[in-house]
Amino acid sequence: MKKTVTKTGKTAALTYWVVINCKTILIKDEDSGYNKNLFCIPKHYEEDIERVFIPHGLILDRTERLARDIMQDMGSHHIVALCVLKGGYKFFADLLDHIKALNQNGDKSVPVTVDFVKIKSYCNDSPTEKISIVGEELSALNGKNVLVVEDIIETGRTMKALLSKLKDYEPKMIKVVSLLIKMTNRSPGYRPDYIGFEIPDKFVVGYALDYNEYFRDLNVSTYECCVLVPTGECK
Ligand code: HPA
Ligand code: MG
């Protein structure tokens, strides 16, 4: 147990694995998640899943707060929410539900439109990654507040390449939100504007994150990201 002093001078207890630094929830390497038998896992994945890493409810609660922070910063002008497919689609849908709720119930509201991009990247090991954006006409970004919605960021190279392409459309503002960011020494230090959870350098699946297209359907309401079994290739 770690202790911290609140603004009011009272001592508050923080569990060792959650550090609230007003930017993200940090999940440390030693945090082993939850026993999978306490959750509803589809039979066809039971063998492949080791532990439940971040429960669904926690993702949704964190997403609600991200929506509030985003609307505070971006909510004075038309927003284009840009989903990075395929992994971003669940987070995108849930984040937009929260943003719509804020728009509906707040004193002020702005139009929120959506767009989708799929990224093809080349030269994965190169420090300057080359990408192409598949199948989208993005001229609608011009003059708008653009929110790029991503599921997970590892090195950040693909995101940096995407951002430099999006700037060609001359948006008024671009911000990036990623549900997850990995703590890895392969990263040159890129950090998005909003982060759901900062996680250890482990392969996670569920909540639309896949391994060879499998596990995207691990999104029943009880759990989400899970660490694959140690025998799995991508552990
Ligand atoms: N899981 C799924 N997709 C990913 C990951 C991961 O851990 N990292 C980068 N893409
Ligand atoms: Mg992604």
# chains A, B, ... in the order shown; residues from 1 in each chain; ligands from 1
call {"tool": "residues_near_ligand", "arguments": {"ligand": "ligand 1", "cutoff": "8 Å", "atoms": "only C-alpha atoms and all ligand atoms", "output": "PDB file with C-alpha atoms, in the first residue's frame"}}
result
ATOM      1  CA  GLY A  87      -8.633  -2.465 -33.289  1.00  0.00           C
ATOM      2  CA  ILE A 152      -3.031   0.661 -28.505  1.00  0.00           C
ATOM      3  CA  ILE A 153       0.253   2.478 -29.033  1.00  0.00           C
ATOM      4  CA  GLU A 154       3.575   0.661 -28.779  1.00  0.00           C
ATOM      5  CA  LYS A 182       2.734   0.032 -23.689  1.00  0.00           C
ATOM      6  CA  ASP A 201       5.052  -4.764 -22.509  1.00  0.00           C
ATOM      7  CA  LYS A 202       2.769  -7.817 -22.795  1.00  0.00           C
ATOM      8  CA  PHE A 203       0.553  -8.895 -25.646  1.00  0.00           C
ATOM      9  CA  VAL A 204      -3.078  -8.215 -24.832  1.00  0.00           C
ATOM     10  CA  VAL A 205      -6.254  -9.184 -26.645  1.00  0.00           C
ATOM     11  CA  LEU A 209      -7.655  -6.047 -29.989  1.00  0.00           C
ATOM     12  CA  ASP A 210      -6.762  -9.162 -31.913  1.00  0.00           C
ATOM     13  CA  TYR A 211      -4.174 -11.819 -32.536  1.00  0.00           C
TER      14      TYR A 211
END
call {"tool": "residues_around", "arguments": {"residues": "Asp97 (chain A)", "least_positions_apart": "5", "cutoff": "9 Å", "atoms": "only C-alpha atoms", "output": "MDAnalysis selection string"}}
result
chainID A and resid 64 67 92 102
call {"tool": "residues_near_ligand", "arguments": {"ligand": "ligand 2", "cutoff": "10 Å", "atoms": "only C-alpha atoms and all ligand atoms", "output": "PyMOL selection string"}}
result
chain A and resi 83-89+118-119+149-154+158-159+178-180+208-210
call {"tool": "write_last_selection", "arguments": {"atoms": "N, CA and C atoms", "output": "mmCIF file, in the first residue's frame"}}
result
data_model
loop_
_atom_site.group_PDB
_atom_site.id
_atom_site.type_symbol
_atom_site.label_atom_id
_atom_site.label_comp_id
_atom_site.auth_asym_id
_atom_site.auth_seq_id
_atom_site.Cartn_x
_atom_site.Cartn_y
_atom_site.Cartn_z
ATOM 1 N N CYS A 83 -11.641 7.072 -36.305
ATOM 2 C CA CYS A 83 -11.357 5.752 -35.734
ATOM 3 C C CYS A 83 -10.265 5.058 -36.543
ATOM 4 N N VAL A 84 -9.233 4.577 -35.860
ATOM 5 C CA VAL A 84 -8.197 3.799 -36.544
ATOM 6 C C VAL A 84 -8.600 2.320 -36.467
ATOM 7 N N LEU A 85 -8.982 1.775 -37.622
ATOM 8 C CA LEU A 85 -9.471 0.391 -37.706
ATOM 9 C C LEU A 85 -8.318 -0.594 -37.733
ATOM 10 N N LYS A 86 -8.553 -1.881 -37.392
ATOM 11 C CA LYS A 86 -9.820 -2.356 -36.895
ATOM 12 C C LYS A 86 -9.882 -2.268 -35.369
ATOM 13 N N GLY A 87 -8.691 -2.298 -34.748
ATOM 14 C CA GLY A 87 -8.633 -2.465 -33.289
ATOM 15 C C GLY A 87 -9.330 -1.374 -32.502
ATOM 16 N N GLY A 88 -9.493 -0.203 -33.125
ATOM 17 C CA GLY A 88 -10.047 0.914 -32.358
ATOM 18 C C GLY A 88 -11.558 0.922 -32.269
ATOM 19 N N TYR A 89 -12.250 -0.022 -32.939
ATOM 20 C CA TYR A 89 -13.684 0.184 -33.115
ATOM 21 C C TYR A 89 -14.519 0.092 -31.833
ATOM 22 N N LYS A 118 -7.850 3.060 -42.112
ATOM 23 C CA LYS A 118 -7.115 1.820 -41.887
ATOM 24 C C LYS A 118 -5.695 2.129 -42.332
ATOM 25 N N ILE A 119 -4.730 1.733 -41.548
ATOM 26 C CA ILE A 119 -3.348 2.099 -41.838
ATOM 27 C C ILE A 119 -2.597 0.888 -42.344
ATOM 28 N N VAL A 149 -8.706 8.235 -32.711
ATOM 29 C CA VAL A 149 -9.015 7.252 -31.660
ATOM 30 C C VAL A 149 -8.332 5.920 -31.994
ATOM 31 N N GLU A 150 -7.418 5.505 -31.117
ATOM 32 C CA GLU A 150 -6.577 4.328 -31.356
ATOM 33 C C GLU A 150 -6.758 3.351 -30.198
ATOM 34 N N ASP A 151 -6.570 2.054 -30.482
ATOM 35 C CA ASP A 151 -6.700 1.069 -29.407
ATOM 36 C C ASP A 151 -5.421 0.968 -28.574
ATOM 37 N N ILE A 152 -4.271 0.896 -29.252
ATOM 38 C CA ILE A 152 -3.031 0.661 -28.505
ATOM 39 C C ILE A 152 -1.859 1.311 -29.232
ATOM 40 N N ILE A 153 -0.952 1.890 -28.456
ATOM 41 C CA ILE A 153 0.253 2.478 -29.033
ATOM 42 C C ILE A 153 1.462 1.793 -28.402
ATOM 43 N N GLU A 154 2.347 1.297 -29.281
ATOM 44 C CA GLU A 154 3.575 0.661 -28.779
ATOM 45 C C GLU A 154 4.744 1.633 -28.951
ATOM 46 N N THR A 158 3.896 4.662 -35.998
ATOM 47 C CA THR A 158 2.777 4.688 -36.950
ATOM 48 C C THR A 158 1.909 5.915 -36.693
ATOM 49 N N MET A 159 1.656 6.205 -35.422
ATOM 50 C CA MET A 159 0.817 7.352 -35.097
ATOM 51 C C MET A 159 1.459 8.651 -35.553
ATOM 52 N N SER A 178 -5.598 7.199 -26.959
ATOM 53 C CA SER A 178 -5.371 5.759 -27.094
ATOM 54 C C SER A 178 -5.829 5.074 -25.810
ATOM 55 N N LEU A 179 -6.575 3.992 -25.976
ATOM 56 C CA LEU A 179 -7.029 3.262 -24.794
ATOM 57 C C LEU A 179 -5.837 2.749 -24.002
ATOM 58 N N LEU A 180 -4.848 2.198 -24.729
ATOM 59 C CA LEU A 180 -3.688 1.591 -24.068
ATOM 60 C C LEU A 180 -2.397 2.157 -24.641
ATOM 61 N N ALA A 208 -11.765 -5.754 -29.016
ATOM 62 C CA ALA A 208 -11.408 -5.481 -30.426
ATOM 63 C C ALA A 208 -9.919 -5.601 -30.717
ATOM 64 N N LEU A 209 -9.072 -5.783 -29.698
ATOM 65 C CA LEU A 209 -7.655 -6.047 -29.989
ATOM 66 C C LEU A 209 -7.524 -7.525 -30.353
ATOM 67 N N ASP A 210 -6.773 -7.801 -31.395
ATOM 68 C CA ASP A 210 -6.762 -9.162 -31.913
ATOM 69 C C ASP A 210 -5.382 -9.802 -31.890
#
call {"tool": "atom_distance", "arguments": {"atom1": "CA of Tyr194 (chain A)", "atom2": "CA of Leu26 (chain A)"}}
result
13.1 Å
call {"tool": "select_by_dssp", "arguments": {"residues": "region 99-177 of chain A", "states": "alpha helix (DSSP H)", "output": "JSON, numbers by chain"}}
result
{"A": [99, 100, 101, 102, 103, 104, 105, 157, 158, 159, 160, 161, 162, 163, 164, 165, 166]}
call {"tool": "select_by_dssp", "arguments": {"residues": "region 6-230 of chain A", "states": "strand (DSSP E)", "output": "JSON, numbers by chain"}}
result
{"A": [11, 12, 13, 14, 25, 26, 34, 35, 49, 50, 51, 52, 53, 54, 79, 80, 81, 82, 83, 84, 85, 112, 113, 114, 115, 116, 117, 118, 119, 120, 121, 122, 130, 131, 132, 133, 134, 145, 146, 147, 148, 149, 150, 151, 152, 153, 173, 174, 175, 176, 177, 178, 179, 180, 181, 182, 194, 195, 196, 197, 198, 199, 204, 205, 225, 226, 227, 228]}
call {"tool": "write_last_selection", "arguments": {"atoms": "C-alpha atoms", "output": "PDB file, in the first residue's frame"}}
result
ATOM      1  CA  THR A  11      -3.857  10.983   3.839  1.00  0.00           C
ATOM      2  CA  ALA A  12      -5.353   8.751   1.182  1.00  0.00           C
ATOM      3  CA  ALA A  13      -4.402   5.180   0.420  1.00  0.00           C
ATOM      4  CA  LEU A  14      -3.641   4.050  -3.096  1.00  0.00           C
ATOM      5  CA  ILE A  25      -3.908   4.665 -14.924  1.00  0.00           C
ATOM      6  CA  LEU A  26      -0.601   2.869 -14.687  1.00  0.00           C
ATOM      7  CA  TYR A  34      -7.593 -11.467 -12.324  1.00  0.00           C
ATOM      8  CA  ASN A  35      -8.312 -15.180 -12.323  1.00  0.00           C
ATOM      9  CA  ILE A  49      -6.537 -16.931 -22.085  1.00  0.00           C
ATOM     10  CA  GLU A  50      -4.339 -16.826 -19.015  1.00  0.00           C
ATOM     11  CA  ARG A  51      -5.735 -14.009 -16.883  1.00  0.00           C
ATOM     12  CA  VAL A  52      -8.172 -11.147 -17.232  1.00  0.00           C
ATOM     13  CA  PHE A  53      -6.066  -8.070 -17.392  1.00  0.00           C
ATOM     14  CA  ILE A  54      -8.417  -5.085 -17.410  1.00  0.00           C
ATOM     15  CA  ILE A  79     -15.249  17.520 -33.779  1.00  0.00           C
ATOM     16  CA  VAL A  80     -14.359  14.820 -36.289  1.00  0.00           C
ATOM     17  CA  ALA A  81     -13.712  11.570 -34.424  1.00  0.00           C
ATOM     18  CA  LEU A  82     -11.378   9.470 -36.553  1.00  0.00           C
ATOM     19  CA  CYS A  83     -11.357   5.752 -35.734  1.00  0.00           C
ATOM     20  CA  VAL A  84      -8.197   3.799 -36.544  1.00  0.00           C
ATOM     21  CA  LEU A  85      -9.471   0.391 -37.706  1.00  0.00           C
ATOM     22  CA  VAL A 112     -19.535  15.339 -33.758  1.00  0.00           C
ATOM     23  CA  THR A 113     -19.009  13.553 -37.070  1.00  0.00           C
ATOM     24  CA  VAL A 114     -17.105  10.328 -37.638  1.00  0.00           C
ATOM     25  CA  ASP A 115     -14.547   9.028 -40.086  1.00  0.00           C
ATOM     26  CA  PHE A 116     -12.559   5.806 -40.322  1.00  0.00           C
ATOM     27  CA  VAL A 117      -9.029   5.020 -41.452  1.00  0.00           C
ATOM     28  CA  LYS A 118      -7.115   1.820 -41.887  1.00  0.00           C
ATOM     29  CA  ILE A 119      -3.348   2.099 -41.838  1.00  0.00           C
ATOM     30  CA  LYS A 120      -0.903   0.051 -43.832  1.00  0.00           C
ATOM     31  CA  SER A 121       2.606   0.434 -42.488  1.00  0.00           C
ATOM     32  CA  TYR A 122       5.935  -0.503 -44.020  1.00  0.00           C
ATOM     33  CA  LYS A 130       6.168   4.913 -43.854  1.00  0.00           C
ATOM     34  CA  ILE A 131       2.425   4.429 -43.914  1.00  0.00           C
ATOM     35  CA  SER A 132      -0.441   4.642 -46.318  1.00  0.00           C
ATOM     36  CA  ILE A 133      -4.016   5.380 -45.360  1.00  0.00           C
ATOM     37  CA  VAL A 134      -6.319   2.830 -46.956  1.00  0.00           C
ATOM     38  CA  ASN A 145     -11.082  19.608 -34.335  1.00  0.00           C
ATOM     39  CA  VAL A 146      -9.855  16.109 -35.155  1.00  0.00           C
ATOM     40  CA  LEU A 147      -9.766  13.401 -32.492  1.00  0.00           C
ATOM     41  CA  VAL A 148      -7.789  10.324 -33.560  1.00  0.00           C
ATOM     42  CA  VAL A 149      -9.015   7.252 -31.660  1.00  0.00           C
ATOM     43  CA  GLU A 150      -6.577   4.328 -31.356  1.00  0.00           C
ATOM     44  CA  ASP A 151      -6.700   1.069 -29.407  1.00  0.00           C
ATOM     45  CA  ILE A 152      -3.031   0.661 -28.505  1.00  0.00           C
ATOM     46  CA  ILE A 153       0.253   2.478 -29.033  1.00  0.00           C
ATOM     47  CA  MET A 173      -6.644  20.998 -34.025  1.00  0.00           C
ATOM     48  CA  ILE A 174      -5.547  17.345 -33.815  1.00  0.00           C
ATOM     49  CA  LYS A 175      -5.561  15.317 -30.600  1.00  0.00           C
ATOM     50  CA  VAL A 176      -4.944  11.613 -30.107  1.00  0.00           C
ATOM     51  CA  VAL A 177      -6.587   9.320 -27.590  1.00  0.00           C
ATOM     52  CA  SER A 178      -5.371   5.759 -27.094  1.00  0.00           C
ATOM     53  CA  LEU A 179      -7.029   3.262 -24.794  1.00  0.00           C
ATOM     54  CA  LEU A 180      -3.688   1.591 -24.068  1.00  0.00           C
ATOM     55  CA  ILE A 181      -0.044   2.557 -24.276  1.00  0.00           C
ATOM     56  CA  LYS A 182       2.734   0.032 -23.689  1.00  0.00           C
ATOM     57  CA  TYR A 194      -5.119  11.169 -23.710  1.00  0.00           C
ATOM     58  CA  ILE A 195      -4.305   7.673 -22.430  1.00  0.00           C
ATOM     59  CA  GLY A 196      -6.668   5.174 -20.875  1.00  0.00           C
ATOM     60  CA  PHE A 197      -4.150   2.796 -19.318  1.00  0.00           C
ATOM     61  CA  GLU A 198      -0.389   2.481 -19.409  1.00  0.00           C
ATOM     62  CA  ILE A 199       0.396  -1.241 -19.465  1.00  0.00           C
ATOM     63  CA  VAL A 204      -3.078  -8.215 -24.832  1.00  0.00           C
ATOM     64  CA  VAL A 205      -6.254  -9.184 -26.645  1.00  0.00           C
ATOM     65  CA  CYS A 225      -8.000  -7.407 -22.302  1.00  0.00           C
ATOM     66  CA  CYS A 226      -6.418 -10.684 -21.422  1.00  0.00           C
ATOM     67  CA  VAL A 227      -2.859 -11.928 -21.481  1.00  0.00           C
ATOM     68  CA  LEU A 228      -2.400 -14.929 -23.749  1.00  0.00           C
TER      69      LEU A 228
END
call {"tool": "residues_around", "arguments": {"residues": "region 43-46 of chain A", "least_positions_apart": "3", "cutoff": "10 Å", "atoms": "only C-alpha atoms", "output": "list in words"}}
result
Lys36, Asn37, Cys40, Ile49, Glu50, Tyr214, Phe215, Asp217, Leu218, Leu228 and Val229 of chain A
call {"tool": "closest_residue", "arguments": {"among": "A:Phe39, A:Phe91, A:Tyr207, A:Tyr190", "to": "Gly156 (chain A)", "atoms": "only C-alpha atoms"}}
result
A:Tyr190
call {"tool": "atom_distance", "arguments": {"atom1": "CA of Asp94 (chain A)", "atom2": "CA of Thr24 (chain A)"}}
result
17.8 Å
call {"tool": "decode", "arguments": {"residues": "region 43-68 of chain A", "atoms": "C-alpha atoms", "output": "PDB file, in the first residue's frame"}}
result
ATOM      1  CA  LYS A  43     -15.599 -21.625 -24.464  1.00  0.00           C
ATOM      2  CA  HIS A  44     -13.634 -21.310 -27.717  1.00  0.00           C
ATOM      3  CA  TYR A  45     -11.076 -19.074 -26.023  1.00  0.00           C
ATOM      4  CA  GLU A  46     -10.850 -20.685 -22.587  1.00  0.00           C
ATOM      5  CA  GLU A  47      -7.572 -22.470 -23.360  1.00  0.00           C
ATOM      6  CA  ASP A  48      -5.929 -19.403 -24.838  1.00  0.00           C
ATOM      7  CA  ILE A  49      -6.537 -16.931 -22.085  1.00  0.00           C
ATOM      8  CA  GLU A  50      -4.339 -16.826 -19.015  1.00  0.00           C
ATOM      9  CA  ARG A  51      -5.735 -14.009 -16.883  1.00  0.00           C
ATOM     10  CA  VAL A  52      -8.172 -11.147 -17.232  1.00  0.00           C
ATOM     11  CA  PHE A  53      -6.066  -8.070 -17.392  1.00  0.00           C
ATOM     12  CA  ILE A  54      -8.417  -5.085 -17.410  1.00  0.00           C
ATOM     13  CA  PRO A  55     -12.084  -5.772 -16.636  1.00  0.00           C
ATOM     14  CA  HIS A  56     -14.678  -4.298 -18.970  1.00  0.00           C
ATOM     15  CA  GLY A  57     -16.256  -2.124 -16.294  1.00  0.00           C
ATOM     16  CA  LEU A  58     -12.934  -0.451 -15.596  1.00  0.00           C
ATOM     17  CA  ILE A  59     -12.462   0.283 -19.284  1.00  0.00           C
ATOM     18  CA  LEU A  60     -15.907   1.863 -19.501  1.00  0.00           C
ATOM     19  CA  ASP A  61     -15.440   3.984 -16.391  1.00  0.00           C
ATOM     20  CA  ARG A  62     -12.071   5.218 -17.600  1.00  0.00           C
ATOM     21  CA  THR A  63     -13.546   5.909 -21.047  1.00  0.00           C
ATOM     22  CA  GLU A  64     -16.256   8.070 -19.504  1.00  0.00           C
ATOM     23  CA  ARG A  65     -13.615  10.252 -17.862  1.00  0.00           C
ATOM     24  CA  LEU A  66     -11.558  10.456 -21.068  1.00  0.00           C
ATOM     25  CA  ALA A  67     -14.690  11.689 -22.860  1.00  0.00           C
ATOM     26  CA  ARG A  68     -15.079  14.447 -20.284  1.00  0.00           C
TER      27      ARG A  68
END
